[in-house]
Structures are given as structure tokens and as C-alpha cells.
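Beneath this line is the structure, given in C-alpha cells, with notes to follow.
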Amino acid sequence: MSRRKTERLLNLVICLLATRRPLSAEHIRQAVPGYDSENDEAFQRMFERDKNELREIGIPIEVHKDPWEEDPGYRIVRQAYELPEITLEPDEAAVVGLAAQVWQRASLAEAASGALLKLRAGGVETDEAGGMLGGALELRVDTRDPSFPALWEAVRDRRAVRFAYRGAAGQSVLTRTVEPWGVVSRRGRWYVVGHDRDRDAPRVFRLSRISGTVTTIGRPGAVVVPEGVDIKSMVGYSDDLNVTERAALIRVREGTCQGLRQVARAVRPGADGWDELDVDFTDPGRLAGWVVGFAADAEVVGPPDARDAVICRLKGALL
């Protein structure tokens with residue numbers, strides 16, 4: 001599916017979820033980016049295809065016929081669309097957290113917000129309370145490296161990339177052409193793993209050392225990931241097996257920080273509206289990057305190096 005079509009379907013879903021009343025096809029045509037604003041026949045064909053595709057994947061689009069209106073209206077009832085309560089294991093929650101962060105960094109989030117703004121500008125009352133753009137997942141992965149979105153899309157589309165890369169120990173900046181196999185996080189840092197065409201060998205590149213723009217080259221689908229390749233071991237995950245695991249004492253406000261509660265090996269009531277969590281960790285910096293995402297709802301009590309890592313993170317955010 002093309003990116004343009006994906007954005008259009010996403011915007012259509014958000015449009016029909018956010019409206020408080022059924023919308024006519026013409027209103028949807030004006031509110032949702034991607035529909036032909038001039039050719040009526042082309043719009044009708046595209047709109048019918050989109051409705052059918054969404055229904056095929058289980059999204060319930062309801063049709064409402066108002067006797068006072070000439071055209072029917074469409075909407076998605078939130079109760080029929082939303083999933084029931086889901087309980088995630090710690091590793092599953094981590095995957096969902098990563099997906100949430102990708103959503104935040106992807107251009108689709110901007111397109112979705114634009115659809116809601118356009119709806120409101122057109123006089124349509126929207127409901128974002130408790131919706132899919134409102135209550136974001138609390139568990140997040142820190143991906144502030146500007147090259148992350150382009151590399152993630154290149155891995156998804158299996159396209160080669162070219163970028164300027166600064167080596168370790170003050171080496172000069174060189175241009176690298178890479179066939180990316182995956183983007184991996186380890187100990188708070190992000191890496192892209194793939195085949196380096198310049199060296200004709202597998203290589204690992206730290207995203208923080210990439211300078212400037214990441215450019216995609218070649219056609220989509222051209223990159224083939226070798227069978228049996230272990231991206232995590234290439235980044236050095238096997239080294240983590242020798243790191244001693246410790247427990248951090250974290251105070252969280254009652255009813256908050258569900259991501260931390262999911263992975264905690266012990267949760268007990270504290271004082272003054274706080275709970276106490278015992279959370280296992282190996283790297284203070286990585287733990288700090290996670291905890292600061294909960295802002296004032298979480299506080300690391302100990303050990304001292306974990307607490308200091310959080311303080312350093314917060315001071316850095318103020319600079």
C-alpha cells in the first residue's frame with residue numbers, strides 16, 4: 001500500500017471517529033486530505049473502495065439516513081471500534097511503547113492532526129477526549145536522533161540509504177552507502193545495522209554520529225536481509241548478559257505509570273498518595289531515559305547512581 005493511500009485511510013478513520021454526528025460524503029471529501037476535489041466520479045469510486053477496505057479489516061463504518069437530508073451520513077462509533085481491556089506482558093508492553101514512539105515521530109501523526117484541524121475549521125464538532133490522539137501510551141522509547149524517521153522508513157521499504165558519518169575518536173566525516181537491515185536500541189543509544197557497500201561488509205552505525213540528511217537511493221524492495229542474521233548480537237546485546245541486574249526503588253503516584261507497574265517485580269502502597277515499585281535494571285542511563293518520560297508522576301529513590309542519572313537527564317532538558 002502506498003504512503004499516500006495509507007495517510008488517506010488513516011485520516012478517514014480519524015475523521016469518522018472524531019465527529020459527533022454522521023458526515024455526508026461531500027463533507028468527508030472536503031475534510032479528508034487525499035480525495036479529488038474536482039472529479040465527482042473519481043471521488044465516489046475512491047471513497048467506496050476506501051470504505052470497503054476499512055470494513056474488510058474490521059473497522060465498523062455505520063451509515064445513517066436522515067429523512068431531512070438528501071445524502072446519507074457516515075461515522076464510526078467509538079464503542080464498536082475500541083478494543084476491550086488488554087493486559088500486556090512486559091516484553092509486549094515494550095513493543096507497544098516502541099510502536100507508539102514511531103507513531104509520534106512519523107509524518108502520519110502530523111497528517112492525522114491536520115485532519116482534525118480541518119474538521120474543526122469546517123464547523124464539525126470533534127471529540128478527542130479519551131480518543132486515539134489523546135491518551136497516548138505512557139511507555140516510550142527515546143528516539144531524538146533526527147535520522148531515525150528516515151532510517152526506519154528505509155528499513156520498512158527495504159531501500160538503500162546514503163549519509164555522512166562521523167567515526168569514533170574524532171575521525172573525519174565520510175559518506176556511507178548502506179543497505180539497512182534494522183534499527184536497534186541498546187543502552188539508550190540507537191544504531192542502524194546493514195551492509196556497507198563502501199566496505200562490502202556488514203557494519204553498525206550509531207545514529208548520533210550521522211550528520212545531515214539521510215537520502216534514500218534505489219527502488220523499494222531492493223534490500224534483502226540475509227537469512228539468519230542476528231541484528232541484536234551485531235549491536236552487542238550479548239554483552240548485556242554479563243551485566244549485573246539490580247533493583248531500583250521508584251515512587252509513583254496512585255493510578256499512574258502503568259508501564260512501570262507492568263514491569264515492576266513488586267508494587268506496594270506508599271504514603272501520601274504514592275506507591276512504591278521495585279523495578280529491575282542494568283543500565284542507569286537507560287532507566288533514567290524511561291522514568292523521566294513519566295514526568296512528575298515518578299521519582300527514583302535509589303540506588304544513588306540511578307537517581308543521579310535521572311537528575312542529569314532532567315538538568316539536560318532544561319538547557
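Each chain of the C-alpha cells is named A, B, ... in the order shown, its residues numbered from 1; ligands are numbered from 1 in display order.
Close contacts of Arg29 in chain A, defined as residues with an atom at most 10 Å away when counting only C-alpha atoms, with chain neighbours fewer than 3 positions off set aside, comprise Leu12, Leu23, Ser24, Ala25, Glu26, Val32, Pro33, Gly34, Tyr35, Asp36, Ser37, Asp40, Phe43, Gln44 and Phe47 of chain A.
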Please save C-alpha atoms of the selected residues as a compact mmCIF listing (two decimals), in the first residue's frame.
```
# COMPACT_ATOMS: atom_id res chain seq x y z
CA LEU A 12 -10.68 8.89 7.03
CA LEU A 23 -20.90 13.19 7.93
CA SER A 24 -22.03 13.22 4.34
CA ALA A 25 -19.71 12.04 1.59
CA GLU A 26 -19.29 15.62 0.40
CA VAL A 32 -10.08 14.40 4.47
CA PRO A 33 -6.85 15.14 2.57
CA GLY A 34 -6.22 12.95 -0.47
CA TYR A 35 -9.63 12.97 -2.14
CA ASP A 36 -10.19 14.50 -5.59
CA SER A 37 -11.90 17.86 -5.07
CA ASP A 40 -17.04 13.74 -8.67
CA PHE A 43 -14.08 10.73 -5.68
CA GLN A 44 -17.07 8.38 -5.44
CA PHE A 47 -14.48 6.68 -1.36
```
Selection: 10 Å around Ala264 in chain A, only C-alpha atoms, excl. self and same-chain fewer than 6 positions, as a list in words
Pro90, Ala247, Ala248, Leu249, Ile250, Gln258, Glu276, Leu277, Asp278, Val279 and Asp280 of chain A
Would you save the residues from that selection as an mmCIF file, in the first residue's frame, using N, CA, C and O atoms?
```
data_model
loop_
_atom_site.group_PDB
_atom_site.id
_atom_site.type_symbol
_atom_site.label_atom_id
_atom_site.label_comp_id
_atom_site.auth_asym_id
_atom_site.auth_seq_id
_atom_site.Cartn_x
_atom_site.Cartn_y
_atom_site.Cartn_z
ATOM 1 N N PRO A 90 5.467 -7.727 30.084
ATOM 2 C CA PRO A 90 6.473 -6.668 29.980
ATOM 3 C C PRO A 90 7.098 -6.535 28.601
ATOM 4 O O PRO A 90 7.276 -5.427 28.090
ATOM 5 N N ALA A 247 17.886 -3.766 41.397
ATOM 6 C CA ALA A 247 16.518 -3.288 41.572
ATOM 7 C C ALA A 247 16.545 -1.807 41.953
ATOM 8 O O ALA A 247 17.313 -1.396 42.820
ATOM 9 N N ALA A 248 15.709 -1.016 41.284
ATOM 10 C CA ALA A 248 15.552 0.397 41.617
ATOM 11 C C ALA A 248 14.252 0.580 42.385
ATOM 12 O O ALA A 248 13.232 -0.040 42.061
ATOM 13 N N LEU A 249 14.291 1.422 43.396
ATOM 14 C CA LEU A 249 13.089 1.775 44.147
ATOM 15 C C LEU A 249 12.519 3.052 43.530
ATOM 16 O O LEU A 249 13.185 4.093 43.518
ATOM 17 N N ILE A 250 11.311 2.947 43.013
ATOM 18 C CA ILE A 250 10.677 4.068 42.316
ATOM 19 C C ILE A 250 9.328 4.360 42.963
ATOM 20 O O ILE A 250 8.519 3.451 43.159
ATOM 21 N N GLN A 258 1.410 3.190 34.328
ATOM 22 C CA GLN A 258 1.059 1.794 34.111
ATOM 23 C C GLN A 258 2.195 1.011 33.466
ATOM 24 O O GLN A 258 2.357 -0.183 33.710
ATOM 25 N N GLU A 276 5.020 2.364 45.851
ATOM 26 C CA GLU A 276 6.441 2.053 45.707
ATOM 27 C C GLU A 276 6.609 0.842 44.797
ATOM 28 O O GLU A 276 5.928 -0.168 44.968
ATOM 29 N N LEU A 277 7.542 0.953 43.826
ATOM 30 C CA LEU A 277 7.781 -0.111 42.860
ATOM 31 C C LEU A 277 9.230 -0.572 42.942
ATOM 32 O O LEU A 277 10.149 0.255 43.124
ATOM 33 N N ASP A 278 9.449 -1.861 42.809
ATOM 34 C CA ASP A 278 10.794 -2.413 42.644
ATOM 35 C C ASP A 278 10.941 -2.805 41.182
ATOM 36 O O ASP A 278 10.269 -3.720 40.697
ATOM 37 N N VAL A 279 11.810 -2.094 40.464
ATOM 38 C CA VAL A 279 11.986 -2.311 39.027
ATOM 39 C C VAL A 279 13.429 -2.736 38.759
ATOM 40 O O VAL A 279 14.371 -2.038 39.141
ATOM 41 N N ASP A 280 13.606 -3.881 38.110
ATOM 42 C CA ASP A 280 14.946 -4.370 37.785
ATOM 43 C C ASP A 280 15.534 -3.568 36.621
ATOM 44 O O ASP A 280 14.822 -3.199 35.676
#
```
Exercise: Val63 in chain A partners within 12 Å, only C-alpha atoms, chain neighbours under 5 positions left out, as a PyMOL selection string:
chain A and resi 16+21-25+51+71-77
How would the residues just picked look written out with C-alpha atoms as a PDB file, in the first residue's frame?
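Result written to again-v4.pdb:
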```pdb
ATOM      1  CA  LEU A  16     -15.213   9.319  11.237  1.00  0.00           C
ATOM      2  CA  ARG A  21     -22.544  13.467  14.092  1.00  0.00           C
ATOM      3  CA  PRO A  22     -22.667  11.472  10.841  1.00  0.00           C
ATOM      4  CA  LEU A  23     -20.898  13.189   7.933  1.00  0.00           C
ATOM      5  CA  SER A  24     -22.033  13.218   4.341  1.00  0.00           C
ATOM      6  CA  ALA A  25     -19.714  12.044   1.587  1.00  0.00           C
ATOM      7  CA  LYS A  51     -14.978   2.182   2.877  1.00  0.00           C
ATOM      8  CA  ASP A  71     -27.446  12.181   1.321  1.00  0.00           C
ATOM      9  CA  PRO A  72     -26.612   9.541   3.961  1.00  0.00           C
ATOM     10  CA  GLY A  73     -24.099  10.198   6.706  1.00  0.00           C
ATOM     11  CA  TYR A  74     -21.155   8.110   7.869  1.00  0.00           C
ATOM     12  CA  ARG A  75     -19.398   7.677  11.192  1.00  0.00           C
ATOM     13  CA  ILE A  76     -17.501   5.154  13.316  1.00  0.00           C
ATOM     14  CA  VAL A  77     -18.987   4.520  16.745  1.00  0.00           C
TER      15      VAL A  77
END
```
List the spatial neighbours of range 213-225 of chain A as a PDB file with N, CA, C and O atoms, in the first residue's frame - criterion: any atom at most 6 Å away, only C-alpha atoms, same-chain residues fewer than 3 positions off excluded.
```
ATOM      1  N   ASP A 157      10.769  -0.009   3.922  1.00  0.00           N
ATOM      2  CA  ASP A 157      10.616  -0.096   2.471  1.00  0.00           C
ATOM      3  C   ASP A 157      11.718  -0.898   1.799  1.00  0.00           C
ATOM      4  O   ASP A 157      11.692  -1.081   0.585  1.00  0.00           O
ATOM      5  N   ARG A 158      12.706  -1.338   2.604  1.00  0.00           N
ATOM      6  CA  ARG A 158      13.852  -2.113   2.090  1.00  0.00           C
ATOM      7  C   ARG A 158      14.571  -1.350   0.963  1.00  0.00           C
ATOM      8  O   ARG A 158      14.782  -1.854  -0.126  1.00  0.00           O
ATOM      9  N   ARG A 159      14.952  -0.118   1.306  1.00  0.00           N
ATOM     10  CA  ARG A 159      15.681   0.740   0.365  1.00  0.00           C
ATOM     11  C   ARG A 159      17.046   1.089   0.933  1.00  0.00           C
ATOM     12  O   ARG A 159      17.204   1.259   2.148  1.00  0.00           O
ATOM     13  N   ALA A 160      18.026   1.227   0.078  1.00  0.00           N
ATOM     14  CA  ALA A 160      19.364   1.629   0.495  1.00  0.00           C
ATOM     15  C   ALA A 160      19.364   3.115   0.856  1.00  0.00           C
ATOM     16  O   ALA A 160      18.504   3.883   0.411  1.00  0.00           O
ATOM     17  N   VAL A 161      20.341   3.514   1.677  1.00  0.00           N
ATOM     18  CA  VAL A 161      20.450   4.899   2.117  1.00  0.00           C
ATOM     19  C   VAL A 161      21.880   5.382   1.973  1.00  0.00           C
ATOM     20  O   VAL A 161      22.832   4.593   1.924  1.00  0.00           O
ATOM     21  N   ARG A 162      22.007   6.706   1.941  1.00  0.00           N
ATOM     22  CA  ARG A 162      23.339   7.331   1.907  1.00  0.00           C
ATOM     23  C   ARG A 162      23.343   8.460   2.928  1.00  0.00           C
ATOM     24  O   ARG A 162      22.394   9.246   2.998  1.00  0.00           O
ATOM     25  N   PHE A 163      24.416   8.530   3.731  1.00  0.00           N
ATOM     26  CA  PHE A 163      24.505   9.578   4.745  1.00  0.00           C
ATOM     27  C   PHE A 163      25.958   9.870   5.069  1.00  0.00           C
ATOM     28  O   PHE A 163      26.858   9.062   4.784  1.00  0.00           O
ATOM     29  N   GLU A 179      22.862  -0.659   2.977  1.00  0.00           N
ATOM     30  CA  GLU A 179      21.611  -1.396   2.806  1.00  0.00           C
ATOM     31  C   GLU A 179      21.129  -1.758   4.204  1.00  0.00           C
ATOM     32  O   GLU A 179      21.625  -2.698   4.822  1.00  0.00           O
ATOM     33  N   TRP A 181      19.327  -3.180   7.470  1.00  0.00           N
ATOM     34  CA  TRP A 181      18.599  -4.398   7.839  1.00  0.00           C
ATOM     35  C   TRP A 181      17.674  -4.158   9.032  1.00  0.00           C
ATOM     36  O   TRP A 181      16.697  -4.864   9.212  1.00  0.00           O
TER      37      TRP A 181
END
```
Figure out the distance between CA of Asn52 in chain A and CA of Arg3 in chain A, please, to one decimal in Å.
18.5 Å
Expressed in Å to a single decimal, how great is the separation between CA of Val252 in chain A and CA of Asp297 in chain A?
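Pair CA of Val252 in chain A / CA of Asp297 in chain A returns 5.5 Å.
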Just asking: which residues within range 185-269 of chain A are alpha helix (DSSP H) according to DSSP, as a ChimeraX atom specification?
/A:231-235,258-263
With all heavy atoms retained, write the just-selected residues as an mmCIF file, in the first residue's frame.
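again18.cif was written with the following content:
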```cif
data_model
loop_
_atom_site.group_PDB
_atom_site.id
_atom_site.type_symbol
_atom_site.label_atom_id
_atom_site.label_comp_id
_atom_site.auth_asym_id
_atom_site.auth_seq_id
_atom_site.Cartn_x
_atom_site.Cartn_y
_atom_site.Cartn_z
ATOM 1 N N ILE A 231 20.682 -9.226 14.280
ATOM 2 C CA ILE A 231 20.983 -7.798 14.382
ATOM 3 C C ILE A 231 21.363 -7.415 15.801
ATOM 4 O O ILE A 231 22.285 -6.637 16.031
ATOM 5 C CB ILE A 231 19.785 -6.976 13.888
ATOM 6 C CG1 ILE A 231 19.542 -7.240 12.408
ATOM 7 C CG2 ILE A 231 20.003 -5.495 14.127
ATOM 8 C CD1 ILE A 231 18.318 -6.552 11.854
ATOM 9 N N LYS A 232 20.669 -7.982 16.777
ATOM 10 C CA LYS A 232 20.952 -7.628 18.172
ATOM 11 C C LYS A 232 22.370 -8.001 18.575
ATOM 12 O O LYS A 232 23.058 -7.243 19.254
ATOM 13 C CB LYS A 232 19.942 -8.301 19.091
ATOM 14 C CG LYS A 232 18.563 -7.671 19.075
ATOM 15 C CD LYS A 232 17.686 -8.252 20.164
ATOM 16 C CE LYS A 232 16.356 -7.534 20.257
ATOM 17 N NZ LYS A 232 15.511 -8.068 21.358
ATOM 18 N N SER A 233 22.811 -9.180 18.162
ATOM 19 C CA SER A 233 24.171 -9.589 18.533
ATOM 20 C C SER A 233 25.202 -8.700 17.859
ATOM 21 O O SER A 233 26.276 -8.445 18.419
ATOM 22 C CB SER A 233 24.398 -11.057 18.155
ATOM 23 O OG SER A 233 24.374 -11.234 16.751
ATOM 24 N N MET A 234 24.907 -8.196 16.660
ATOM 25 C CA MET A 234 25.839 -7.301 15.979
ATOM 26 C C MET A 234 25.994 -5.992 16.730
ATOM 27 O O MET A 234 27.064 -5.385 16.747
ATOM 28 C CB MET A 234 25.362 -7.039 14.547
ATOM 29 C CG MET A 234 25.392 -8.269 13.644
ATOM 30 S SD MET A 234 24.766 -7.919 11.981
ATOM 31 C CE MET A 234 25.989 -6.757 11.389
ATOM 32 N N VAL A 235 24.920 -5.539 17.374
ATOM 33 C CA VAL A 235 24.981 -4.300 18.149
ATOM 34 C C VAL A 235 25.638 -4.531 19.501
ATOM 35 O O VAL A 235 26.124 -3.601 20.137
ATOM 36 C CB VAL A 235 23.566 -3.709 18.312
ATOM 37 C CG1 VAL A 235 23.580 -2.465 19.173
ATOM 38 C CG2 VAL A 235 22.984 -3.375 16.939
ATOM 39 N N GLN A 258 1.410 3.190 34.328
ATOM 40 C CA GLN A 258 1.059 1.794 34.111
ATOM 41 C C GLN A 258 2.195 1.011 33.466
ATOM 42 O O GLN A 258 2.357 -0.183 33.710
ATOM 43 C CB GLN A 258 -0.206 1.706 33.255
ATOM 44 C CG GLN A 258 -1.442 2.323 33.911
ATOM 45 C CD GLN A 258 -1.739 1.705 35.263
ATOM 46 O OE1 GLN A 258 -1.650 0.495 35.420
ATOM 47 N NE2 GLN A 258 -2.082 2.540 36.235
ATOM 48 N N GLY A 259 2.988 1.681 32.632
ATOM 49 C CA GLY A 259 4.116 0.997 32.011
ATOM 50 C C GLY A 259 5.120 0.503 33.036
ATOM 51 O O GLY A 259 5.610 -0.626 32.960
ATOM 52 N N LEU A 260 5.431 1.336 34.029
ATOM 53 C CA LEU A 260 6.341 0.936 35.100
ATOM 54 C C LEU A 260 5.733 -0.163 35.958
ATOM 55 O O LEU A 260 6.415 -1.111 36.369
ATOM 56 C CB LEU A 260 6.692 2.138 35.971
ATOM 57 C CG LEU A 260 7.736 3.114 35.430
ATOM 58 C CD1 LEU A 260 7.827 4.344 36.314
ATOM 59 C CD2 LEU A 260 9.093 2.439 35.323
ATOM 60 N N ARG A 261 4.459 -0.052 36.224
ATOM 61 C CA ARG A 261 3.797 -1.070 37.054
ATOM 62 C C ARG A 261 3.821 -2.443 36.376
ATOM 63 O O ARG A 261 3.930 -3.470 37.049
ATOM 64 C CB ARG A 261 2.356 -0.645 37.343
ATOM 65 C CG ARG A 261 2.248 0.601 38.220
ATOM 66 C CD ARG A 261 0.797 1.065 38.338
ATOM 67 N NE ARG A 261 0.679 2.320 39.061
ATOM 68 C CZ ARG A 261 0.564 2.424 40.377
ATOM 69 N NH1 ARG A 261 0.505 1.311 41.117
ATOM 70 N NH2 ARG A 261 0.462 3.592 40.966
ATOM 71 N N GLN A 262 3.718 -2.431 35.046
ATOM 72 C CA GLN A 262 3.698 -3.700 34.319
ATOM 73 C C GLN A 262 5.003 -4.470 34.473
ATOM 74 O O GLN A 262 5.009 -5.698 34.536
ATOM 75 C CB GLN A 262 3.429 -3.442 32.833
ATOM 76 C CG GLN A 262 1.987 -3.083 32.509
ATOM 77 C CD GLN A 262 1.082 -4.289 32.455
ATOM 78 O OE1 GLN A 262 1.549 -5.424 32.492
ATOM 79 N NE2 GLN A 262 -0.208 -4.065 32.387
ATOM 80 N N VAL A 263 6.118 -3.752 34.521
ATOM 81 C CA VAL A 263 7.416 -4.433 34.569
ATOM 82 C C VAL A 263 7.967 -4.567 35.985
ATOM 83 O O VAL A 263 8.988 -5.242 36.186
ATOM 84 C CB VAL A 263 8.449 -3.701 33.687
ATOM 85 C CG1 VAL A 263 7.992 -3.653 32.245
ATOM 86 C CG2 VAL A 263 8.710 -2.289 34.200
#
```
